[in-house]
>>> print(open('data22.csv').read())   # CSV, C-alpha atoms
chain,number,residue,atom,x,y,z
A,132,MET,CA,0.0,0.0,0.0
A,133,HIS,CA,2.9,2.3,0.8
A,134,HIS,CA,4.4,1.8,-2.6
A,135,LEU,CA,1.0,2.3,-4.3
A,136,GLY,CA,0.7,5.6,-2.4
A,137,GLY,CA,4.1,6.5,-3.8
A,138,LEU,CA,2.9,5.7,-7.3
A,139,PHE,CA,-0.1,8.0,-6.9
A,140,GLY,CA,2.2,10.7,-5.5
A,141,LEU,CA,4.4,10.4,-8.5
A,142,LEU,CA,1.4,10.7,-10.9
A,143,ALA,CA,0.2,13.7,-9.0
A,144,GLY,CA,3.6,15.3,-9.4
A,145,VAL,CA,3.4,14.8,-13.2
A,146,GLY,CA,-0.1,16.3,-13.0
A,147,LEU,CA,1.3,19.5,-11.4
A,148,ILE,CA,3.7,19.9,-14.4
A,149,TYR,CA,0.8,19.2,-16.7
A,150,GLN,CA,-1.3,21.9,-15.1
A,151,VAL,CA,1.4,24.5,-15.7
A,152,VAL,CA,1.8,23.5,-19.3
A,153,ALA,CA,-2.0,23.5,-19.8
A,154,ALA,CA,-2.4,27.0,-18.5
A,155,TRP,CA,0.4,28.3,-20.7
A,156,ALA,CA,-1.1,26.5,-23.8
A,157,VAL,CA,-4.6,28.0,-23.1
A,158,ARG,CA,-3.2,31.5,-22.7
A,159,ARG,CA,-1.0,31.1,-25.8
A,160,PHE,CA,-3.9,29.8,-27.9
A,161,MET,CA,-6.4,32.5,-26.8
A,162,GLY,CA,-3.7,35.2,-27.6
A,163,LYS,CA,-3.5,34.3,-31.2
A,164,ALA,CA,-4.8,36.8,-33.8
A,165,PRO,CA,-7.8,35.7,-35.8
A,166,LEU,CA,-7.2,34.4,-39.3
A,167,VAL,CA,-8.2,36.5,-42.3
A,168,PRO,CA,-9.4,34.3,-45.3
A,169,ALA,CA,-7.8,34.9,-48.7
A,170,ALA,CA,-11.1,34.1,-50.2
A,171,ARG,CA,-14.7,33.6,-49.0
A,172,PRO,CA,-16.2,30.8,-51.0
A,173,PRO,CA,-19.9,29.9,-50.7
A,174,VAL,CA,-20.6,27.8,-47.6
A,175,THR,CA,-23.5,25.5,-46.5
A,176,VAL,CA,-23.9,25.2,-42.8
A,177,LEU,CA,-25.7,22.0,-41.7
A,178,LYS,CA,-27.4,22.2,-38.3
A,179,PRO,CA,-28.8,18.9,-37.1
A,180,LEU,CA,-31.4,19.5,-34.4
A,181,CYS,CA,-33.2,17.5,-31.8
A,182,GLY,CA,-35.4,19.6,-29.5
A,183,ALA,CA,-35.3,23.3,-28.7
A,184,ASP,CA,-32.0,23.6,-26.9
A,185,PRO,CA,-31.7,26.7,-24.7
A,186,GLY,CA,-30.4,29.6,-26.9
A,187,LEU,CA,-31.2,27.8,-30.2
A,188,GLU,CA,-32.8,30.9,-31.7
A,189,ALA,CA,-29.9,33.1,-30.7
A,190,HIS,CA,-27.5,30.5,-32.1
A,191,LEU,CA,-29.2,30.5,-35.5
A,192,ILE,CA,-29.3,34.3,-35.6
A,193,SER,CA,-25.6,34.5,-34.8
A,194,LEU,CA,-25.0,32.5,-38.0
A,195,LEU,CA,-27.3,34.7,-40.1
A,196,ARG,CA,-25.6,37.9,-38.9
A,197,GLN,CA,-22.1,36.8,-39.9
A,198,GLY,CA,-22.2,39.1,-42.9
A,199,TYR,CA,-20.8,36.2,-45.0
A,200,PRO,CA,-21.4,36.9,-48.7
A,201,GLU,CA,-22.9,33.5,-49.8
A,202,LEU,CA,-24.3,31.5,-47.0
A,203,GLN,CA,-26.8,28.6,-46.9
A,204,VAL,CA,-28.1,27.3,-43.6
A,205,ILE,CA,-29.9,24.0,-43.4
A,206,CYS,CA,-31.6,22.8,-40.2
A,207,GLY,CA,-32.8,19.2,-39.9
A,208,VAL,CA,-35.2,17.3,-37.7
A,209,ASP,CA,-36.9,14.0,-37.9
A,210,SER,CA,-40.4,15.1,-37.1
A,211,GLU,CA,-42.7,18.1,-37.5
A,212,GLU,CA,-43.5,17.6,-33.8
A,213,ASP,CA,-39.9,18.4,-32.8
A,214,ALA,CA,-39.7,21.4,-30.5
A,215,ALA,CA,-37.0,22.9,-32.7
A,216,VAL,CA,-39.4,23.4,-35.6
A,217,PRO,CA,-41.3,26.5,-34.4
A,218,VAL,CA,-37.9,28.1,-33.4
A,219,VAL,CA,-36.5,27.6,-36.9
A,220,ARG,CA,-39.6,28.8,-38.6
A,221,ARG,CA,-39.6,31.9,-36.3
A,222,VAL,CA,-36.1,32.7,-37.4
A,223,MET,CA,-37.0,32.1,-41.0
A,224,THR,CA,-39.7,34.7,-40.6
A,225,GLN,CA,-37.4,37.2,-38.9
A,226,PHE,CA,-34.9,36.8,-41.8
A,227,PRO,CA,-37.0,36.5,-44.9
A,228,ASP,CA,-34.0,37.3,-47.2
A,229,ALA,CA,-31.7,34.8,-45.6
A,230,ASP,CA,-31.0,31.4,-47.3
A,231,ILE,CA,-32.2,29.2,-44.4
A,232,SER,CA,-34.3,26.1,-44.8
A,233,LEU,CA,-35.7,23.3,-42.7
A,234,VAL,CA,-35.6,19.6,-43.7
A,235,VAL,CA,-38.1,17.3,-41.9
A,236,ASP,CA,-37.3,13.6,-42.7
A,237,PRO,CA,-37.8,10.6,-40.4
A,238,THR,CA,-35.6,8.3,-42.5
A,239,ARG,CA,-33.2,6.3,-40.3
A,240,HIS,CA,-29.8,5.4,-41.7
A,241,GLY,CA,-28.0,3.8,-38.7
A,242,SER,CA,-27.5,3.9,-35.0
A,243,ASN,CA,-26.0,7.4,-34.9
A,244,LEU,CA,-29.1,9.5,-35.2
A,245,LYS,CA,-27.2,12.8,-35.6
A,246,ILE,CA,-25.4,11.4,-38.7
A,247,GLY,CA,-28.8,10.0,-40.0
A,248,ASN,CA,-30.2,13.5,-39.7
A,249,LEU,CA,-27.2,15.0,-41.6
A,250,LEU,CA,-27.7,12.4,-44.3
A,251,ASN,CA,-31.3,13.5,-44.8
A,252,MET,CA,-30.1,17.1,-45.0
A,253,LEU,CA,-27.2,16.7,-47.3
A,254,PRO,CA,-29.1,16.5,-50.6
A,255,ALA,CA,-30.4,20.0,-50.0
A,256,ALA,CA,-26.9,21.5,-49.7
A,257,ARG,CA,-25.9,23.5,-52.7
A,258,HIS,CA,-22.3,24.6,-51.9
A,259,ASP,CA,-19.0,22.7,-52.1
A,260,LEU,CA,-17.8,23.8,-48.7
A,261,LEU,CA,-19.7,22.2,-45.8
A,262,VAL,CA,-19.8,23.3,-42.2
A,263,ILE,CA,-21.4,20.9,-39.7
A,264,ALA,CA,-22.3,22.7,-36.5
A,265,ASP,CA,-24.0,21.4,-33.4
A,266,SER,CA,-27.3,23.0,-32.3
A,267,ASP,CA,-25.8,24.4,-29.1
A,268,VAL,CA,-23.0,26.3,-30.7
A,269,ALA,CA,-23.0,30.1,-30.8
A,270,ALA,CA,-21.0,31.6,-33.6
A,271,HIS,CA,-18.7,34.5,-32.9
A,272,ASP,CA,-18.3,37.3,-35.4
A,273,LEU,CA,-15.5,35.7,-37.4
A,274,TYR,CA,-16.8,32.1,-37.1
A,275,LEU,CA,-17.2,31.4,-40.8
A,276,ASP,CA,-14.1,33.3,-41.8
A,277,GLU,CA,-12.0,31.2,-39.5
A,278,ALA,CA,-13.8,28.0,-40.8
A,279,VAL,CA,-12.7,28.8,-44.4
A,280,ALA,CA,-9.3,30.6,-44.0
A,281,PRO,CA,-7.2,27.4,-43.5
A,282,PHE,CA,-8.3,26.0,-46.8
A,283,ALA,CA,-6.0,28.4,-48.5
A,284,ASP,CA,-3.5,25.6,-47.8
A,285,PRO,CA,-4.2,22.7,-50.2
A,286,ALA,CA,-3.1,20.2,-47.5
A,287,CYS,CA,-5.9,21.3,-45.3
A,288,GLY,CA,-8.7,18.7,-45.4
A,289,LEU,CA,-10.8,19.6,-42.3
A,290,VAL,CA,-11.1,22.6,-40.0
A,291,THR,CA,-12.3,21.9,-36.5
A,292,PHE,CA,-13.2,24.2,-33.6
A,293,LEU,CA,-12.5,23.9,-29.9
A,294,TYR,CA,-15.3,25.1,-27.7
A,295,VAL,CA,-15.9,27.0,-24.4
A,296,GLY,CA,-18.8,26.0,-22.1
A,297,ARG,CA,-21.3,28.6,-21.0
A,298,ALA,CA,-23.4,27.1,-18.2
A,299,LEU,CA,-27.0,27.5,-17.3
A,300,PRO,CA,-27.5,28.6,-13.7
A,301,ASN,CA,-27.5,25.2,-11.9
A,302,LEU,CA,-24.9,23.0,-10.3
A,303,ALA,CA,-24.9,20.2,-13.0
A,304,SER,CA,-24.5,22.7,-15.8
A,305,ARG,CA,-21.7,24.5,-14.0
A,306,LEU,CA,-19.8,21.2,-13.5
A,307,GLY,CA,-20.4,20.3,-17.1
A,308,ALA,CA,-19.0,23.6,-18.3
A,309,ALA,CA,-16.0,23.3,-15.9
A,310,GLY,CA,-15.3,19.9,-17.4
A,311,ILE,CA,-15.0,21.5,-20.8
A,312,ASN,CA,-13.2,24.7,-19.9
A,313,PHE,CA,-10.7,23.3,-17.4
A,314,GLY,CA,-10.5,19.7,-18.6
A,315,PHE,CA,-11.3,19.0,-22.2
A,316,LEU,CA,-10.1,22.3,-23.8
A,317,PRO,CA,-6.7,22.5,-22.1
A,318,SER,CA,-6.0,18.8,-22.7
A,319,ALA,CA,-6.8,19.2,-26.4
A,320,LEU,CA,-4.3,22.0,-26.6
A,321,VAL,CA,-1.6,20.1,-24.8
A,322,ALA,CA,-2.1,17.2,-27.1
A,323,ARG,CA,-1.5,19.5,-30.1
A,324,LEU,CA,1.5,20.9,-28.3
A,325,VAL,CA,3.1,17.5,-28.0
A,326,GLY,CA,2.5,16.7,-31.7
A,327,ARG,CA,-0.9,14.9,-31.7
A,328,GLU,CA,-2.9,16.5,-34.6
A,329,ASP,CA,-5.7,13.9,-34.8
A,330,GLY,CA,-8.1,15.8,-32.6
A,331,CYS,CA,-11.4,16.4,-34.4
A,332,PHE,CA,-14.3,18.0,-32.5
A,333,GLY,CA,-17.9,17.7,-33.5
A,334,ALA,CA,-19.0,21.1,-32.3
A,335,THR,CA,-18.0,22.5,-35.7
A,336,MET,CA,-16.3,20.7,-38.6
A,337,ALA,CA,-15.7,22.3,-42.0
A,338,MET,CA,-14.6,20.3,-45.0
A,339,PRO,CA,-15.0,20.2,-48.8
A,340,ARG,CA,-17.9,18.1,-50.0
A,341,GLN,CA,-15.8,16.3,-52.6
A,342,LEU,CA,-13.3,15.2,-49.8
A,343,LEU,CA,-16.3,13.9,-47.7
A,344,ALA,CA,-17.4,11.8,-50.7
A,345,ASP,CA,-13.8,10.6,-51.3
A,346,ILE,CA,-13.5,9.2,-47.7
A,347,GLY,CA,-16.8,7.4,-48.0
A,348,GLY,CA,-19.3,10.1,-47.1
A,349,LEU,CA,-21.4,10.3,-44.0
A,350,GLN,CA,-22.6,6.8,-44.7
A,351,ALA,CA,-19.3,5.5,-43.5
A,352,VAL,CA,-19.9,6.8,-39.9
A,353,ARG,CA,-23.6,6.2,-39.6
A,354,ASP,CA,-23.1,3.6,-36.9
A,355,VAL,CA,-20.2,5.3,-35.1
A,356,LEU,CA,-20.7,7.2,-31.9
A,357,ALA,CA,-17.5,9.1,-32.2
A,358,ASP,CA,-18.3,10.3,-35.7
A,359,ASP,CA,-16.1,13.4,-35.4
A,360,TRP,CA,-13.1,11.3,-34.6
A,361,ALA,CA,-13.8,8.8,-37.4
A,362,LEU,CA,-14.2,11.6,-40.0
A,363,GLY,CA,-10.9,13.1,-38.8
A,364,ALA,CA,-9.1,9.8,-39.0
A,365,ALA,CA,-10.4,9.3,-42.5
A,366,VAL,CA,-9.2,12.7,-43.6
A,367,ARG,CA,-5.8,12.0,-42.2
A,368,ALA,CA,-5.7,8.6,-43.9
A,369,ALA,CA,-6.4,10.5,-47.2
A,370,GLY,CA,-3.2,12.5,-46.7
A,371,ARG,CA,-4.9,15.7,-45.6
A,372,LYS,CA,-4.4,17.7,-42.4
A,373,ILE,CA,-6.9,18.6,-39.6
A,374,VAL,CA,-6.5,22.2,-38.8
A,375,LEU,CA,-7.6,23.8,-35.5
A,376,ALA,CA,-9.5,27.1,-36.0
A,377,ALA,CA,-7.9,30.1,-34.4
A,378,ARG,CA,-10.6,30.8,-31.8
A,379,PRO,CA,-13.1,28.5,-30.0
A,380,VAL,CA,-16.8,28.7,-30.3
A,381,GLU,CA,-19.1,28.9,-27.3
A,382,MET,CA,-21.4,26.1,-26.4
A,383,THR,CA,-24.4,26.3,-24.1
A,384,VAL,CA,-24.1,23.7,-21.4
A,385,ASN,CA,-27.6,22.5,-20.3
A,386,GLU,CA,-27.4,19.6,-17.8
A,387,PRO,CA,-30.7,19.5,-15.8
A,388,ASP,CA,-29.3,17.3,-13.0
A,389,LEU,CA,-26.2,15.4,-11.9
A,390,ALA,CA,-27.6,12.0,-13.2
A,391,THR,CA,-28.0,13.4,-16.7
A,392,LEU,CA,-24.5,15.0,-16.5
A,393,PHE,CA,-23.0,11.6,-15.4
A,394,ALA,CA,-24.7,9.7,-18.2
A,395,HIS,CA,-23.7,12.3,-20.8
A,396,GLU,CA,-20.0,12.2,-19.7
A,397,ILE,CA,-19.9,8.4,-19.3
A,398,ARG,CA,-21.0,8.3,-23.0
A,399,TRP,CA,-18.1,10.6,-23.9
A,400,GLY,CA,-15.6,8.7,-21.8
A,401,ARG,CA,-16.5,5.3,-23.0
A,402,THR,CA,-16.4,6.5,-26.6
A,403,ILE,CA,-12.9,7.8,-26.2
A,404,ALA,CA,-11.9,4.7,-24.2
A,405,ALA,CA,-13.2,2.5,-27.0
A,406,ILE,CA,-11.1,4.1,-29.7
A,407,ASP,CA,-8.0,5.1,-27.7
A,408,ARG,CA,-7.9,3.4,-24.3
A,409,PRO,CA,-4.2,4.0,-23.4
A,410,SER,CA,-4.5,7.8,-23.9
A,411,TYR,CA,-7.8,7.9,-22.0
A,412,ILE,CA,-6.4,6.0,-19.0
A,413,ALA,CA,-3.2,8.2,-19.2
A,414,SER,CA,-5.4,11.3,-18.8
A,415,ILE,CA,-5.6,10.5,-15.1
A,416,VAL,CA,-2.5,12.6,-14.7
A,417,THR,CA,-4.6,15.7,-15.5
A,418,LEU,CA,-6.2,15.3,-12.0
A,419,PRO,CA,-3.5,16.0,-9.5
A,420,VAL,CA,-5.8,16.7,-6.6
A,421,PRO,CA,-7.6,13.3,-6.5
A,422,LEU,CA,-4.2,11.6,-7.1
A,423,SER,CA,-2.6,13.4,-4.2
A,424,LEU,CA,-5.5,12.5,-1.9
A,425,LEU,CA,-5.0,8.8,-2.9
A,426,ALA,CA,-1.3,9.2,-2.1
A,427,VAL,CA,-2.2,10.3,1.4
A,428,LEU,CA,-4.8,7.6,1.8
A,429,LEU,CA,-2.5,4.8,0.8
A,430,GLY,CA,1.0,6.2,1.5
A,431,GLY,CA,0.4,8.2,4.7
A,432,TRP,CA,0.4,11.8,5.9
A,433,SER,CA,3.8,12.5,4.6
A,434,TRP,CA,2.1,13.2,1.3
A,435,LEU,CA,-0.1,15.9,2.8
A,436,PRO,CA,2.1,18.8,1.4
A,437,LEU,CA,1.5,17.4,-2.1
A,438,VAL,CA,-2.3,17.7,-1.5
A,439,VAL,CA,-1.8,21.4,-0.5
A,440,ALA,CA,0.4,22.1,-3.4
A,441,ALA,CA,-1.9,20.4,-5.9
A,442,GLY,CA,-5.0,22.3,-4.5
A,443,LEU,CA,-3.3,25.7,-4.6
A,444,LEU,CA,-1.9,25.2,-8.1
A,445,ARG,CA,-5.2,23.8,-9.5
A,446,VAL,CA,-7.0,26.9,-8.3
A,447,ALA,CA,-4.3,29.3,-9.7
A,448,VAL,CA,-4.4,27.5,-13.0
A,449,MET,CA,-8.2,27.7,-13.1
A,450,ARG,CA,-8.1,31.4,-12.5
A,451,LEU,CA,-5.6,31.9,-15.3
A,452,GLU,CA,-7.7,29.8,-17.7
A,453,GLU,CA,-10.9,31.7,-16.7
A,454,GLN,CA,-9.2,34.9,-17.6
A,455,ALA,CA,-7.9,33.7,-20.9
A,456,LEU,CA,-11.2,32.1,-21.9
A,457,ASP,CA,-13.3,35.0,-20.6
A,458,VAL,CA,-15.7,32.7,-18.6
A,459,PRO,CA,-17.4,33.5,-15.3
A,460,GLY,CA,-15.5,32.6,-12.1
A,461,LEU,CA,-16.1,29.1,-10.7
A,462,GLY,CA,-16.2,28.5,-7.0
A,463,VAL,CA,-13.3,26.6,-5.5
A,464,ALA,CA,-15.7,24.0,-4.0
A,465,ASP,CA,-17.2,23.5,-7.5
A,466,LEU,CA,-13.7,23.0,-9.0
A,467,PHE,CA,-12.7,20.3,-6.5
A,468,LEU,CA,-16.1,18.6,-6.9
A,469,ARG,CA,-15.5,18.7,-10.7
A,470,ASP,CA,-12.1,17.1,-10.3
A,471,LEU,CA,-13.5,14.4,-8.1
A,472,LEU,CA,-16.3,13.8,-10.5
A,473,SER,CA,-13.9,13.6,-13.4
A,474,PHE,CA,-11.8,11.0,-11.5
A,475,VAL,CA,-14.9,8.8,-10.8
A,476,LEU,CA,-16.1,9.2,-14.4
A,477,LEU,CA,-12.7,8.1,-15.7
A,478,LEU,CA,-12.6,5.0,-13.5
A,479,THR,CA,-16.2,4.2,-14.4
A,480,ALA,CA,-15.8,4.8,-18.1
A,481,SER,CA,-12.7,2.6,-18.2
A,482,CYS,CA,-14.6,-0.4,-16.8
A,483,GLY,CA,-17.5,-0.8,-19.2
A,484,ARG,CA,-18.7,-0.2,-22.7
A,485,THR,CA,-22.4,0.5,-22.4
A,486,VAL,CA,-23.9,4.0,-22.8
A,487,LEU,CA,-27.2,5.7,-22.7
A,488,TRP,CA,-28.1,7.9,-25.7
A,489,ARG,CA,-31.5,9.5,-26.2
A,490,GLY,CA,-33.2,7.0,-24.0
A,491,ARG,CA,-31.6,3.9,-25.6
A,492,ARG,CA,-28.8,1.7,-24.3
A,493,PHE,CA,-25.9,0.9,-26.7
A,494,ARG,CA,-22.6,-0.9,-26.4
A,495,VAL,CA,-19.6,0.9,-27.9
A,496,GLU,CA,-17.5,-1.5,-29.8
A,497,ARG,CA,-13.8,-1.3,-30.0
A,498,ASP,CA,-14.0,0.4,-33.4
A,499,GLY,CA,-16.3,3.0,-32.0
A,500,LYS,CA,-19.5,1.6,-33.6
A,501,LEU,CA,-22.7,1.4,-31.7
A,502,THR,CA,-24.7,-1.8,-31.1
A,503,LEU,CA,-28.3,-1.3,-29.8
A,504,LEU,CA,-28.9,-3.4,-26.7
A,505,GLU,CA,-32.5,-2.5,-25.9
A,506,GLY,CA,-35.3,-0.3,-27.2
A,507,THR,CA,-36.3,0.3,-30.8
A,508,TYR,CA,-35.8,3.1,-33.2
A,509,ARG,CA,-38.8,5.3,-33.8
>>> encode(input="data22.csv", output="structure tokens")
Amino acid sequence: MHHLGGLFGLLAGVGLIYQVVAAWAVRRFMGKAPLVPAARPPVTVLKPLCGADPGLEAHLISLLRQGYPELQVICGVDSEEDAAVPVVRRVMTQFPDADISLVVDPTRHGSNLKIGNLLNMLPAARHDLLVIADSDVAAHDLYLDEAVAPFADPACGLVTFLYVGRALPNLASRLGAAGINFGFLPSALVARLVGREDGCFGATMAMPRQLLADIGGLQAVRDVLADDWALGAAVRAAGRKIVLAARPVEMTVNEPDLATLFAHEIRWGRTIAAIDRPSYIASIVTLPVPLSLLAVLLGGWSWLPLVVAAGLLRVAVMRLEEQALDVPGLGVADLFLRDLLSFVLLLTASCGRTVLWRGRRFRVERDGKLTLLEGTYR
């Protein structure tokens, strides 16, 4: 037990170094100047919807107010009864001159319902450059410019965006946003810093339509939960680069309760673990506070100074990242609760492969594909 405590202490020490590097990476990234595109080609934005997410109307309006010269926006649902339908129609009324349309199609194409929705929408797309954007993404003023600018380099095959979480005013949403802002986003930047350029994030992905067809189209990922990762892997296999946009987008984090948050993040975790288990397990070093507590529990009170150092540094890093990302301050208690939750989630996600998604239970296979375990498709 003493030696095991020493192992956790060593991992916590690595975690302290990681926290310093992560804070530097976030501040460096957010200090970059926005890219100016050499050309502004016509763009089709595909917005797959399921329900009226908080802020959906504002998110759609943020797209239409980009001032982009030739923009088509396509929203998609699987039923006229979807709560997103009146929101989209209201925006269409507010912007009668905008090229925005709604596709309602219940056709199923596989176990990934988002990809099925996109497959139904794709025939309505008129432009060669496609931008796939989640419903809860709010576009900043230069969003489309930054989506198209990297394509000036012929080696660029896909542009992806990091995202910052903006929480609704409840504990679960705050913890969800904290997981994005002080967990996911810094780790993605550190991964880039050490040479991993395979990160592809589904909040927003831009790619040429012809390249999408060349790698098998959306049909190739219709049964894959980590569709963004699979598309990115296919782009890299085709000899093209994944480029990270210069600035992140904002995402509304709406987690009504802790149980919903836990199920949501277990789905994320088991998806990542299915496709890259060693890296997922290695991410435990990003959590120095829980690791240092385990060092004390298993190795004795001599490790207590490490707990203090880990706690102080974690708070300091969070404050630096808050400032860089321009997000509201998070309470210290919420931060430590978030880190403990992340630790429990990592252990739980590493020990199973079943996930809940839209009321159905699936098993995530080793290749990232979904197998329905119970329930039926509508």
>>> closest_atom_pairs(input="data22.csv", of="range 368-390 of chain A", to="range 268-286 of chain A", cutoff="7 Å", atoms="only C-alpha atoms", output="Markdown table")
| residue | atom | partner | partner_atom | distance |
| --- | --- | --- | --- | --- |
| A:Arg371 | CA | A:Ala286 | CA | 5.2 |
| A:Lys372 | CA | A:Ala286 | CA | 5.8 |
| A:Ala376 | CA | A:Glu277 | CA | 5.9 |
| A:Ala377 | CA | A:Glu277 | CA | 6.6 |
| A:Val380 | CA | A:Ala270 | CA | 6.1 |
| A:Glu381 | CA | A:Ala269 | CA | 5.4 |
| A:Met382 | CA | A:Val268 | CA | 4.6 |
| A:Thr383 | CA | A:Val268 | CA | 6.7 |
>>> atom_distance(input="data22.csv", atom1="CA of Phe474 in chain A", atom2="CA of Val420 in chain A")
9.6 Å
>>> closest_residue(input="data22.csv", among="A:Val174, A:Leu456, A:Ala344, A:Leu429", to="Tyr199 in chain A", atoms="all atoms listed in the file")
A:Val174
>>> residues_around(input="data22.csv", residues="range 302-305 of chain A", least_positions_apart="6", cutoff="6 Å", atoms="all atoms listed in the file", output="VMD selection string")
chain A and resid 384 to 386 388 to 389
>>> closest_residue(input="data22.csv", among="A:Val448, A:Val439, A:Ile263, A:Leu244", to="Trp155 in chain A", atoms="only C-alpha atoms")
A:Val448
>>> atom_distance(input="data22.csv", atom1="CA of Leu142 in chain A", atom2="CA of Ala404 in chain A")
19.7 Å
>>> residues_near_point(input="data22.csv", point="(-24.5, 11.3, -22.3)", cutoff="10 Å", atoms="all atoms listed in the file", output="PyMOL selection string")
chain A and resi 386+390-400+486-490
>>> atom_distance(input="data22.csv", atom1="CA of Val262 in chain A", atom2="CA of Thr291 in chain A")
9.5 Å
>>> closest_residue(input="data22.csv", among="A:Leu477, A:Ala426, A:Ala143, A:Ala447", to="Ile412 in chain A", atoms="only C-alpha atoms")
A:Leu477
>>> closest_residue(input="data22.csv", among="A:Gly307, A:Gly207, A:Gly288, A:Gly144", to="Val438 in chain A", atoms="all atoms listed in the file")
A:Gly144
>>> closest_residue(input="data22.csv", among="A:Val355, A:Ala413, A:Leu362, A:Val446", to="Glu496 in chain A", atoms="all atoms listed in the file")
A:Val355
>>> closest_residue(input="data22.csv", among="A:Leu202, A:Leu177, A:Leu166, A:Ile311", to="Asp228 in chain A", atoms="only C-alpha atoms")
A:Leu202
>>> residues_around(input="data22.csv", residues="Ser414 in chain A", least_positions_apart="6", cutoff="12 Å", atoms="all atoms listed in the file", output="VMD selection string")
chain A and resid 142 to 143 145 to 146 149 to 150 314 to 315 317 to 319 321 to 322 400 403 to 404 407 to 408 422 473 to 474 476 to 478 481
>>> residues_around(input="data22.csv", residues="Asn248 in chain A", least_positions_apart="2", cutoff="9 Å", atoms="only C-alpha atoms", output="list in words")
Pro179, Leu180, Gly207, Val208, Asp209, Asp236, Pro237, Thr238, Arg239, His240, Asn243, Leu244, Lys245, Ile246, Leu250, Asn251, Met252 and Leu253 of chain A
>>> residues_near_point(input="data22.csv", point="(-2.2, 16.0, 3.6)", cutoff="12 Å", atoms="only C-alpha atoms", output="PyMOL selection string")
chain A and resi 140+420-442
>>> residues_around(input="data22.csv", residues="Ala255 in chain A", least_positions_apart="6", cutoff="12 Å", atoms="only C-alpha atoms", output="MDAnalysis selection string")
chainID A and resid 175:177 203:207 230:236 249 261
>>> decode(input="data22.csv", residues="range 204-219 of chain A", atoms="N, CA and C atoms", output="mmCIF file, in the first residue's frame")
data_model
loop_
_atom_site.group_PDB
_atom_site.id
_atom_site.type_symbol
_atom_site.label_atom_id
_atom_site.label_comp_id
_atom_site.auth_asym_id
_atom_site.auth_seq_id
_atom_site.Cartn_x
_atom_site.Cartn_y
_atom_site.Cartn_z
ATOM 1 N N VAL A 204 -27.939 28.026 -44.860
ATOM 2 C CA VAL A 204 -28.086 27.344 -43.570
ATOM 3 C C VAL A 204 -29.217 26.329 -43.699
ATOM 4 N N ILE A 205 -28.931 25.075 -43.386
ATOM 5 C CA ILE A 205 -29.934 24.015 -43.433
ATOM 6 C C ILE A 205 -30.080 23.428 -42.035
ATOM 7 N N CYS A 206 -31.292 23.448 -41.522
ATOM 8 C CA CYS A 206 -31.606 22.814 -40.247
ATOM 9 C C CYS A 206 -32.339 21.502 -40.533
ATOM 10 N N GLY A 207 -32.147 20.521 -39.686
ATOM 11 C CA GLY A 207 -32.791 19.235 -39.927
ATOM 12 C C GLY A 207 -33.362 18.627 -38.665
ATOM 13 N N VAL A 208 -34.569 18.077 -38.781
ATOM 14 C CA VAL A 208 -35.223 17.341 -37.694
ATOM 15 C C VAL A 208 -35.857 16.091 -38.281
ATOM 16 N N ASP A 209 -36.274 15.187 -37.400
ATOM 17 C CA ASP A 209 -36.888 13.963 -37.914
ATOM 18 C C ASP A 209 -38.407 13.963 -37.808
ATOM 19 N N SER A 210 -38.984 15.061 -37.296
ATOM 20 C CA SER A 210 -40.434 15.100 -37.130
ATOM 21 C C SER A 210 -40.922 16.542 -37.055
ATOM 22 N N GLU A 211 -42.098 16.775 -37.595
ATOM 23 C CA GLU A 211 -42.727 18.095 -37.479
ATOM 24 C C GLU A 211 -43.065 18.422 -36.032
ATOM 25 N N GLU A 212 -43.143 17.400 -35.186
ATOM 26 C CA GLU A 212 -43.463 17.604 -33.777
ATOM 27 C C GLU A 212 -42.256 17.999 -32.945
ATOM 28 N N ASP A 213 -41.072 17.996 -33.534
ATOM 29 C CA ASP A 213 -39.864 18.369 -32.797
ATOM 30 C C ASP A 213 -39.985 19.811 -32.325
ATOM 31 N N ALA A 214 -39.585 20.051 -31.086
ATOM 32 C CA ALA A 214 -39.709 21.390 -30.494
ATOM 33 C C ALA A 214 -38.841 22.428 -31.195
ATOM 34 N N ALA A 215 -37.854 21.987 -31.975
ATOM 35 C CA ALA A 215 -37.002 22.942 -32.693
ATOM 36 C C ALA A 215 -37.715 23.566 -33.889
ATOM 37 N N VAL A 216 -38.750 22.902 -34.400
ATOM 38 C CA VAL A 216 -39.403 23.358 -35.630
ATOM 39 C C VAL A 216 -39.953 24.777 -35.515
ATOM 40 N N PRO A 217 -40.754 25.105 -34.490
ATOM 41 C CA PRO A 217 -41.260 26.487 -34.411
ATOM 42 C C PRO A 217 -40.153 27.511 -34.219
ATOM 43 N N VAL A 218 -39.061 27.132 -33.572
ATOM 44 C CA VAL A 218 -37.948 28.063 -33.396
ATOM 45 C C VAL A 218 -37.323 28.387 -34.749
ATOM 46 N N VAL A 219 -37.081 27.358 -35.551
ATOM 47 C CA VAL A 219 -36.481 27.572 -36.867
ATOM 48 C C VAL A 219 -37.412 28.392 -37.754
#
